[in-house]
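File shown: final.pdb. Contents: PDB, C-alpha atoms and all ligand atoms.
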ATOM      1  CA  MET A 839     125.196 128.925 100.114
ATOM      2  CA  GLU A 840     127.830 130.255 102.546
ATOM      3  CA  LYS A 841     130.945 131.772 101.019
ATOM      4  CA  ILE A 842     133.964 129.455 100.818
ATOM      5  CA  VAL A 843     137.213 131.010 102.051
ATOM      6  CA  ALA A 844     140.374 129.424 100.579
ATOM      7  CA  LYS A 845     142.370 127.541 103.225
ATOM      8  CA  LYS A 846     146.123 128.127 103.023
ATOM      9  CA  LYS A 847     146.934 124.968 104.999
ATOM     10  CA  PHE A 848     145.437 122.860 102.176
ATOM     11  CA  GLY A 849     147.211 124.836  99.418
ATOM     12  CA  GLN A 850     143.936 126.148  98.026
ATOM     13  CA  ASN A 851     144.408 128.323  94.929
ATOM     14  CA  PHE A 852     141.441 127.830  92.641
ATOM     15  CA  LEU A 853     142.066 127.836  88.902
ATOM     16  CA  LYS A 854     139.680 130.317  87.305
ATOM     17  CA  ASP A 855     141.192 130.889  83.841
ATOM     18  CA  GLU A 856     138.993 128.916  81.418
ATOM     19  CA  SER A 857     141.655 128.966  78.684
ATOM     20  CA  VAL A 858     144.043 127.041  80.990
ATOM     21  CA  LEU A 859     141.298 124.584  81.950
ATOM     22  CA  GLN A 860     140.668 124.050  78.230
ATOM     23  CA  LYS A 861     144.387 123.425  77.564
ATOM     24  CA  ILE A 862     144.437 120.760  80.300
ATOM     25  CA  ILE A 863     141.471 118.985  78.693
ATOM     26  CA  GLU A 864     143.071 119.179  75.229
ATOM     27  CA  ALA A 865     146.343 117.696  76.553
ATOM     28  CA  MET A 866     144.631 114.645  78.070
ATOM     29  CA  PRO A 867     145.888 111.383  76.547
ATOM     30  CA  ASN A 868     143.341 109.774  74.247
ATOM     31  CA  ASN A 869     142.459 106.427  75.871
ATOM     32  CA  ASP A 870     139.801 104.582  77.897
ATOM     33  CA  ASN A 871     141.400 105.072  81.302
ATOM     34  CA  LYS A 872     139.494 106.512  84.223
ATOM     35  CA  ILE A 873     140.539 109.875  85.592
ATOM     36  CA  VAL A 874     141.793 110.446  89.113
ATOM     37  CA  GLU A 875     141.647 114.070  90.214
ATOM     38  CA  ILE A 876     143.453 114.978  93.445
ATOM     39  CA  GLY A 877     142.130 118.151  95.071
ATOM     40  CA  PRO A 878     138.995 118.963  93.014
ATOM     41  CA  GLY A 879     138.461 122.075  95.168
ATOM     42  CA  LEU A 880     135.350 123.921  93.944
ATOM     43  CA  GLY A 881     135.053 121.579  90.959
ATOM     44  CA  ASP A 882     136.151 123.994  88.204
ATOM     45  CA  LEU A 883     138.352 121.378  86.510
ATOM     46  CA  THR A 884     136.092 118.496  87.592
ATOM     47  CA  LYS A 885     133.168 119.859  85.561
ATOM     48  CA  PHE A 886     135.222 119.614  82.352
ATOM     49  CA  LEU A 887     136.587 116.177  83.299
ATOM     50  CA  VAL A 888     133.193 114.553  83.989
ATOM     51  CA  ASP A 889     132.040 115.688  80.545
ATOM     52  CA  VAL A 890     134.570 113.406  78.886
ATOM     53  CA  LYS A 891     135.471 110.649  81.366
ATOM     54  CA  SER A 892     134.498 108.884  84.542
ATOM     55  CA  VAL A 893     136.287 110.507  87.490
ATOM     56  CA  ASP A 894     137.445 109.501  90.998
ATOM     57  CA  ALA A 895     138.158 112.696  92.949
ATOM     58  CA  PHE A 896     140.023 112.877  96.299
ATOM     59  CA  GLU A 897     139.429 115.988  98.432
ATOM     60  CA  VAL A 898     140.722 116.528 101.983
ATOM     61  CA  ASP A 899     138.589 119.554 102.897
ATOM     62  CA  THR A 900     135.210 118.430 104.275
ATOM     63  CA  ASP A 901     133.645 121.857 103.516
ATOM     64  CA  LEU A 902     134.605 121.450  99.850
ATOM     65  CA  CYS A 903     133.389 117.854  99.816
ATOM     66  CA  LYS A 904     129.904 119.159 100.707
ATOM     67  CA  VAL A 905     130.082 121.803  97.960
ATOM     68  CA  LEU A 906     131.096 119.131  95.438
ATOM     69  CA  GLN A 907     128.387 116.719  96.575
ATOM     70  CA  ASN A 908     125.766 119.420  95.922
ATOM     71  CA  LYS A 909     127.260 120.675  92.675
ATOM     72  CA  PHE A 910     127.665 117.233  91.116
ATOM     73  CA  GLU A 911     124.573 115.463  92.478
ATOM     74  CA  ARG A 912     123.620 114.155  89.011
ATOM     75  CA  GLU A 913     127.128 112.926  88.081
ATOM     76  CA  ILE A 914     127.475 111.214  91.474
ATOM     77  CA  ALA A 915     124.102 109.485  91.002
ATOM     78  CA  THR A 916     125.109 108.186  87.544
ATOM     79  CA  LYS A 917     128.557 107.129  88.906
ATOM     80  CA  GLN A 918     130.313 109.419  86.419
ATOM     81  CA  LEU A 919     131.907 110.972  89.536
ATOM     82  CA  ARG A 920     132.979 109.439  92.838
ATOM     83  CA  ILE A 921     134.140 111.746  95.602
ATOM     84  CA  HIS A 922     136.522 110.351  98.215
ATOM     85  CA  CYS A 923     136.613 112.728 101.146
ATOM     86  CA  GLY A 924     139.900 112.567 103.099
ATOM     87  CA  ASP A 925     143.665 112.841 102.773
ATOM     88  CA  VAL A 926     144.730 111.198  99.509
ATOM     89  CA  LEU A 927     148.130 110.250 100.959
ATOM     90  CA  THR A 928     146.437 108.215 103.698
ATOM     91  CA  ALA A 929     144.125 106.522 101.189
ATOM     92  CA  TRP A 930     147.011 105.675  98.821
ATOM     93  CA  LYS A 931     148.472 102.226  99.388
ATOM     94  CA  SER A 932     150.545 100.893  96.458
ATOM     95  CA  GLU A 933     147.547 101.482  94.154
ATOM     96  CA  LEU A 934     145.145 104.410  94.571
ATOM     97  CA  ILE A 935     142.190 102.800  92.744
ATOM     98  CA  GLU A 936     141.636  99.363  91.246
ATOM     99  CA  GLU A 937     141.293 100.347  87.574
ATOM    100  CA  SER A 938     143.852 101.854  85.166
ATOM    101  CA  TYR A 939     143.768 105.622  85.457
ATOM    102  CA  ASP A 940     145.321 108.901  84.347
ATOM    103  CA  LEU A 941     146.007 111.474  87.051
ATOM    104  CA  VAL A 942     144.704 114.906  85.967
ATOM    105  CA  ALA A 943     144.850 117.626  88.608
ATOM    106  CA  ASN A 944     145.769 121.070  89.757
ATOM    107  CA  LEU A 945     147.760 119.704  92.676
ATOM    108  CA  PRO A 946     148.125 121.094  96.207
ATOM    109  CA  TYR A 947     151.706 122.401  95.861
ATOM    110  CA  TYR A 948     152.855 121.521  99.407
ATOM    111  CA  ILE A 949     152.632 117.779  98.596
ATOM    112  CA  ALA A 950     152.871 117.858  94.784
ATOM    113  CA  THR A 951     156.272 116.134  94.430
ATOM    114  CA  ASN A 952     155.252 113.401  96.844
ATOM    115  CA  ILE A 953     152.006 112.805  94.916
ATOM    116  CA  ILE A 954     153.800 112.621  91.546
ATOM    117  CA  LEU A 955     156.390 110.153  92.896
ATOM    118  CA  LYS A 956     153.584 107.985  94.258
ATOM    119  CA  ALA A 957     151.775 108.128  90.910
ATOM    120  CA  LEU A 958     154.986 107.169  89.077
ATOM    121  CA  ALA A 959     155.243 104.099  91.317
ATOM    122  CA  ASP A 960     151.534 103.171  91.101
ATOM    123  CA  PRO A 961     151.122 100.437  88.441
ATOM    124  CA  LYS A 962     147.509 101.506  87.840
ATOM    125  CA  CYS A 963     148.523 105.071  86.961
ATOM    126  CA  LYS A 964     149.272 105.325  83.234
ATOM    127  CA  ASN A 965     149.696 109.070  82.627
ATOM    128  CA  ILE A 966     150.162 112.155  84.790
ATOM    129  CA  LEU A 967     148.884 115.575  83.681
ATOM    130  CA  VAL A 968     149.257 118.026  86.527
ATOM    131  CA  MET A 969     149.652 121.662  87.443
ATOM    132  CA  VAL A 970     152.450 122.393  89.927
ATOM    133  CA  GLN A 971     154.888 125.162  90.796
ATOM    134  CA  LEU A 972     156.910 126.018  87.632
ATOM    135  CA  GLU A 973     160.290 125.070  89.204
ATOM    136  CA  VAL A 974     158.944 121.637  90.124
ATOM    137  CA  ALA A 975     157.585 121.046  86.597
ATOM    138  CA  GLU A 976     160.969 122.038  85.160
ATOM    139  CA  LYS A 977     162.759 119.505  87.373
ATOM    140  CA  PHE A 978     160.504 116.633  86.271
ATOM    141  CA  CYS A 979     160.852 117.618  82.580
ATOM    142  CA  ALA A 980     164.593 118.456  82.479
ATOM    143  CA  ASN A 981     167.103 116.771  80.148
ATOM    144  CA  ASP A 982     170.707 115.930  80.981
ATOM    145  CA  GLY A 983     172.877 119.022  80.703
ATOM    146  CA  ASP A 984     170.068 121.289  81.971
ATOM    147  CA  LYS A 985     170.995 123.014  85.244
ATOM    148  CA  VAL A 986     167.952 121.564  87.029
ATOM    149  CA  PHE A 987     168.458 117.995  85.752
ATOM    150  CA  GLY A 988     168.387 115.820  88.862
ATOM    151  CA  SER A 989     166.953 112.723  90.491
ATOM    152  CA  LEU A 990     163.324 113.711  89.679
ATOM    153  CA  SER A 991     164.213 114.062  85.975
ATOM    154  CA  ILE A 992     166.050 110.718  85.965
ATOM    155  CA  ILE A 993     163.250 108.860  87.766
ATOM    156  CA  THR A 994     160.785 110.332  85.223
ATOM    157  CA  GLN A 995     162.921 109.501  82.174
ATOM    158  CA  SER A 996     163.342 105.960  83.537
ATOM    159  CA  VAL A 997     159.604 105.330  83.245
ATOM    160  CA  GLY A 998     158.462 107.516  80.351
ATOM    161  CA  GLU A 999     158.518 110.913  78.699
ATOM    162  CA  ALA A1000     157.675 114.322  80.112
ATOM    163  CA  HIS A1001     157.061 117.777  78.699
ATOM    164  CA  ILE A1002     155.604 121.099  79.801
ATOM    165  CA  VAL A1003     152.141 121.754  78.316
ATOM    166  CA  VAL A1004     151.623 125.373  79.364
ATOM    167  CA  ASN A1005     153.080 127.957  81.742
ATOM    168  CA  VAL A1006     150.479 129.566  83.998
ATOM    169  CA  PRO A1007     150.769 133.008  85.642
ATOM    170  CA  PRO A1008     149.468 133.766  89.177
ATOM    171  CA  SER A1009     146.583 135.780  87.651
ATOM    172  CA  ALA A1010     144.922 132.519  86.510
ATOM    173  CA  PHE A1011     144.078 131.647  90.148
ATOM    174  CA  GLU A1012     141.939 132.892  92.997
ATOM    175  CA  PRO A1013     143.481 133.679  95.422
ATOM    176  CA  GLN A1014     146.628 134.398  93.401
ATOM    177  CA  PRO A1015     149.733 132.466  94.497
ATOM    178  CA  LYS A1016     153.106 134.265  94.757
ATOM    179  CA  ILE A1017     154.751 131.836  92.326
ATOM    180  CA  ASN A1018     154.448 130.862  88.666
ATOM    181  CA  SER A1019     152.928 127.514  87.780
ATOM    182  CA  ALA A1020     153.009 125.072  84.867
ATOM    183  CA  VAL A1021     151.008 122.133  83.609
ATOM    184  CA  PHE A1022     153.119 119.169  82.509
ATOM    185  CA  LEU A1023     152.462 115.699  81.138
ATOM    186  CA  ILE A1024     154.280 112.445  81.920
ATOM    187  CA  GLN A1025     153.386 109.562  79.599
ATOM    188  CA  LYS A1026     154.400 106.422  81.446
ATOM    189  CA  LYS A1027     155.829 103.396  79.648
ATOM    190  CA  SER A1028     156.669 101.438  82.819
ATOM    191  CA  ASP A1029     156.545 101.860  86.625
ATOM    192  CA  ARG A1030     159.080 103.333  88.978
ATOM    193  CA  SER A1031     160.167 100.538  91.247
ATOM    194  CA  ASP A1032     163.890 100.318  92.003
ATOM    195  CA  LYS A1033     164.491 101.838  95.419
ATOM    196  CA  ASP A1034     168.230 101.020  95.379
ATOM    197  CA  PHE A1035     168.642 102.944  92.102
ATOM    198  CA  GLU A1036     166.899 105.938  93.659
ATOM    199  CA  ASP A1037     169.148 105.671  96.743
ATOM    200  CA  MET A1038     172.161 105.858  94.424
ATOM    201  CA  LEU A1039     170.687 108.969  92.742
ATOM    202  CA  ARG A1040     170.259 110.608  96.126
ATOM    203  CA  VAL A1041     173.988 110.084  96.796
ATOM    204  CA  ALA A1042     174.908 111.242  93.261
ATOM    205  CA  PHE A1043     173.148 114.594  93.747
ATOM    206  CA  THR A1044     173.988 115.223  97.449
ATOM    207  CA  GLN A1045     176.045 118.235  96.429
ATOM    208  CA  PRO A1046     174.943 119.072  92.873
ATOM    209  CA  ARG A1047     177.821 121.482  92.211
ATOM    210  CA  LYS A1048     180.536 118.973  93.206
ATOM    211  CA  THR A1049     181.731 116.256  90.823
ATOM    212  CA  LEU A1050     179.748 113.041  90.498
ATOM    213  CA  MET A1051     182.890 111.126  91.543
ATOM    214  CA  LYS A1052     183.185 113.097  94.774
ATOM    215  CA  ASN A1053     179.526 112.588  95.682
ATOM    216  CA  LEU A1054     179.489 108.872  94.890
ATOM    217  CA  SER A1055     182.787 108.125  96.616
ATOM    218  CA  SER A1056     181.223 109.158  99.936
ATOM    219  CA  THR A1057     179.347 105.844  99.759
ATOM    220  CA  TYR A1058     180.928 103.670  97.062
ATOM    221  CA  ASP A1059     184.468 102.302  96.722
ATOM    222  CA  LYS A1060     186.607 104.825  94.800
ATOM    223  CA  ALA A1061     188.664 102.252  92.861
ATOM    224  CA  MET A1062     185.454 100.596  91.708
ATOM    225  CA  LEU A1063     184.026 103.956  90.636
ATOM    226  CA  GLN A1064     187.181 104.772  88.682
ATOM    227  CA  GLU A1065     186.876 101.459  86.831
ATOM    228  CA  ILE A1066     183.200 102.170  86.029
ATOM    229  CA  PHE A1067     183.828 105.756  84.927
ATOM    230  CA  GLU A1068     186.504 104.495  82.561
ATOM    231  CA  LYS A1069     184.221 101.797  81.139
ATOM    232  CA  LEU A1070     181.485 104.386  80.514
ATOM    233  CA  SER A1071     183.952 107.033  79.231
ATOM    234  CA  LEU A1072     182.837 109.459  81.929
ATOM    235  CA  ALA A1073     185.355 112.172  82.870
ATOM    236  CA  GLN A1074     186.328 112.223  86.560
ATOM    237  CA  THR A1075     185.372 115.916  86.563
ATOM    238  CA  ILE A1076     181.820 115.412  85.285
ATOM    239  CA  ARG A1077     179.007 116.991  87.388
ATOM    240  CA  PRO A1078     175.920 114.995  88.350
ATOM    241  CA  HIS A1079     173.574 116.952  86.021
ATOM    242  CA  GLN A1080     175.783 116.274  82.986
ATOM    243  CA  VAL A1081     175.314 112.483  83.053
ATOM    244  CA  SER A1082     172.464 110.938  81.039
ATOM    245  CA  THR A1083     169.718 108.747  82.491
ATOM    246  CA  ASN A1084     171.042 105.828  80.447
ATOM    247  CA  ASP A1085     174.559 106.284  81.901
ATOM    248  CA  TYR A1086     173.111 106.403  85.433
ATOM    249  CA  HIS A1087     171.454 103.035  84.769
ATOM    250  CA  GLN A1088     174.703 101.587  83.349
ATOM    251  CA  LEU A1089     176.640 102.938  86.309
ATOM    252  CA  TYR A1090     174.161 101.376  88.726
ATOM    253  CA  LYS A1091     174.257  97.996  86.929
ATOM    254  CA  LEU A1092     178.077  97.932  86.865
ATOM    255  CA  ALA A1093     178.304  98.982  90.528
ATOM    256  CA  ARG A1094     176.004  96.124  91.497
ATOM    257  CA  SER A1095     177.844  93.521  89.478
ATOM    258  CA  LEU A1096     181.351  94.698  90.493
ATOM    259  CA  ASP A1097     180.262  94.914  94.133
ATOM    260  CA  GLY A1098     178.984  91.341  93.875
ATOM    261  CA  THR A1099     182.220  90.145  92.244
ATOM    262  CA  ARG A1100     184.280  91.798  94.982
ATOM    263  CA  GLU A1101     182.171  90.284  97.746
ATOM    264  CA  ARG A1102     182.561  86.822  96.166
ATOM    265  CA  THR A1103     186.383  87.146  95.866
ATOM    266  CA  GLU A1104     186.661  88.390  99.443
ATOM    267  CA  CYS A1105     184.720  85.388 100.842
TER     268      CYS A1105
HETATM  269  C1  LIG A1201     145.530 124.066  94.186
HETATM  270  S1  LIG A1201     143.958 123.570  94.828
HETATM  271  C2  LIG A1201     143.172 123.038  93.347
HETATM  272  C3  LIG A1201     141.684 123.133  93.383
HETATM  273  C4  LIG A1201     140.951 122.872  92.077
HETATM  274  N1  LIG A1201     141.319 121.599  91.483
HETATM  275  C5  LIG A1201     141.179 123.972  91.073
HETATM  276  O1  LIG A1201     141.881 123.722  90.091
HETATM  277  O2  LIG A1201     140.679 125.066  91.269
HETATM  278  C6  LIG A1201     144.405 122.073  95.670
HETATM  279  C7  LIG A1201     143.256 121.243  96.209
HETATM  280  O3  LIG A1201     143.808 120.096  96.858
HETATM  281  C8  LIG A1201     143.128 119.850  98.079
HETATM  282  N2  LIG A1201     144.048 119.091  98.952
HETATM  283  C9  LIG A1201     145.069 119.568  99.707
HETATM  284  N3  LIG A1201     145.681 118.572 100.375
HETATM  285  C10 LIG A1201     145.048 117.422 100.031
HETATM  286  C11 LIG A1201     145.206 116.063 100.416
HETATM  287  N4  LIG A1201     146.166 115.690 101.273
HETATM  288  N5  LIG A1201     144.351 115.132  99.907
HETATM  289  C12 LIG A1201     143.371 115.516  99.019
HETATM  290  N6  LIG A1201     143.181 116.800  98.629
HETATM  291  C13 LIG A1201     143.999 117.748  99.119
HETATM  292  C14 LIG A1201     142.792 121.241  98.582
HETATM  293  O4  LIG A1201     141.780 121.246  99.555
HETATM  294  C15 LIG A1201     142.405 121.922  97.266
HETATM  295  O5  LIG A1201     141.048 121.693  96.974
END

Rewrite the structure of this file - the entire thing - as structure tokens.
Ligand SMILES: C[S@@+](CC[C@H](N)C(=O)[O-])C[C@H]1O[C@@H](n2cnc3c(N)ncnc32)[C@H](O)[C@@H]1O
Amino acid sequence: MEKIVAKKKFGQNFLKDESVLQKIIEAMPNNDNKIVEIGPGLGDLTKFLVDVKSVDAFEVDTDLCKVLQNKFEREIATKQLRIHCGDVLTAWKSELIEESYDLVANLPYYIATNIILKALADPKCKNILVMVQLEVAEKFCANDGDKVFGSLSIITQSVGEAHIVVNVPPSAFEPQPKINSAVFLIQKKSDRSDKDFEDMLRVAFTQPRKTLMKNLSSTYDKAMLQEIFEKLSLAQTIRPHQVSTNDYHQLYKLARSLDGTRERTEC
């Protein structure tokens, strides 16, 4: 078979460290869900996954699709593995597959955040166990007060719980990336769905080092914000990363209801 050269444009860094592969398998939630793997690559993780579950794998690189079709001929024949060749983002409407699934993958880093946000919004996706760049994992898993707590952490905490499973050095991959990586797990309890809430978060974190009041007042009425901050006992000087997910939800609810009240009195 001809030698496969890793393609940078597809973010190809193949995970070769068996101890990390084993840790991913051990961290998989115990349930009857199917597995979706995005970017199976040379199939190093896939071979462990098909041993325990039925897998739908999405791979963009047609050369790798051929390698996988040869390597997993038996599993494809028994329907333990289905390979979807093409860009997963194009294939992904609101649901990626029809059955309930857990996403387990060593993700292509250049689209990792986008993929995770789509999985959080996909009602068929129940759990997310993925390898990404360490900084990205830390953002999804952060708690209020942490420096990197931001909209990704709040969106995640709004639908479930997240934690880092294992940190992974560049030496675990071939070719080695320049950055550190981490595997993390999100156990979903509901789906991400409120676009308006996420728009408010975007405004709240426009300038993370400024106060939350300053950021929000670029879009929302200042007098209304002052009333809400007082109701929630939030200091005017508080920074966006110091406010809890619960307080962001309260703030959003109050802003909607006060906005509505104002509109009604103005009519
Ligand atoms: C970091 S590698 C992981 C490979 C393999 N799972 C492993 O652990 O060794 C990312 C994989 O995602 C694939 N990929 C990149 N962009 C993709 C896309 N838009 N849709 C599906 N797969 C993609 C790459 O071709 C590559 O196989």

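Distance-wise, atom CA of Pro946 of chain A and atom CA of Phe848 of chain A end up 6.8 Å apart.
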
Run the PyMOL selection byres (((chain A and resi 1057) around 12) and not hetatm) against the file shown and list the residues it catches, as a list of chain:residue names. A:Asp1037, A:Met1038, A:Leu1039, A:Arg1040, A:Val1041, A:Ala1042, A:Thr1044, A:Leu1050, A:Met1051, A:Lys1052, A:Asn1053, A:Leu1054, A:Ser1055, A:Ser1056, A:Tyr1058, A:Asp1059, A:Lys1060, A:Met1062, A:Leu1063, A:Ala1093

Hey, which residues sit close to ligand LIG 1201 (chain A)? Say within 7 Å, counting only C-alpha atoms and all ligand atoms, and write them as a list of chain:residue names. A:Phe848, A:Gly849, A:Gln850, A:Asn851, A:Phe852, A:Leu853, A:Lys854, A:Ile876, A:Gly877, A:Pro878, A:Gly879, A:Leu880, A:Gly881, A:Asp882, A:Leu883, A:Phe896, A:Glu897, A:Val898, A:Asp899, A:Gly924, A:Asp925, A:Val926, A:Leu927, A:Ala943, A:Asn944, A:Leu945, A:Pro946, A:Tyr947

Hey, which of A:Asp1029, A:Glu933, A:Glu1036, A:Glu1065 ends up closest to Gly988 of chain A? Count all atoms listed in the file. A:Glu1036

If you apply the PyMOL selection byres (((chain A and resi 890) around 12) and not hetatm) to this file, what residues do you get, as a ChimeraX atom specification? /A:863-864,866-873,883-889,891-893,913,918-919

Export of the given selection (C-alpha atoms) as a compact mmCIF listing (two decimals), keeping the file's coordinate frame:
# COMPACT_ATOMS: atom_id res chain seq x y z
CA ILE A 863 141.47 118.98 78.69
CA GLU A 864 143.07 119.18 75.23
CA MET A 866 144.63 114.64 78.07
CA PRO A 867 145.89 111.38 76.55
CA ASN A 868 143.34 109.77 74.25
CA ASN A 869 142.46 106.43 75.87
CA ASP A 870 139.80 104.58 77.90
CA ASN A 871 141.40 105.07 81.30
CA LYS A 872 139.49 106.51 84.22
CA ILE A 873 140.54 109.88 85.59
CA LEU A 883 138.35 121.38 86.51
CA THR A 884 136.09 118.50 87.59
CA LYS A 885 133.17 119.86 85.56
CA PHE A 886 135.22 119.61 82.35
CA LEU A 887 136.59 116.18 83.30
CA VAL A 888 133.19 114.55 83.99
CA ASP A 889 132.04 115.69 80.54
CA LYS A 891 135.47 110.65 81.37
CA SER A 892 134.50 108.88 84.54
CA VAL A 893 136.29 110.51 87.49
CA GLU A 913 127.13 112.93 88.08
CA GLN A 918 130.31 109.42 86.42
CA LEU A 919 131.91 110.97 89.54

For Lys841 of chain A, the closest of A:Ser1071, A:Leu859, A:Leu955, A:Asp901 counting only C-alpha atoms is A:Asp901
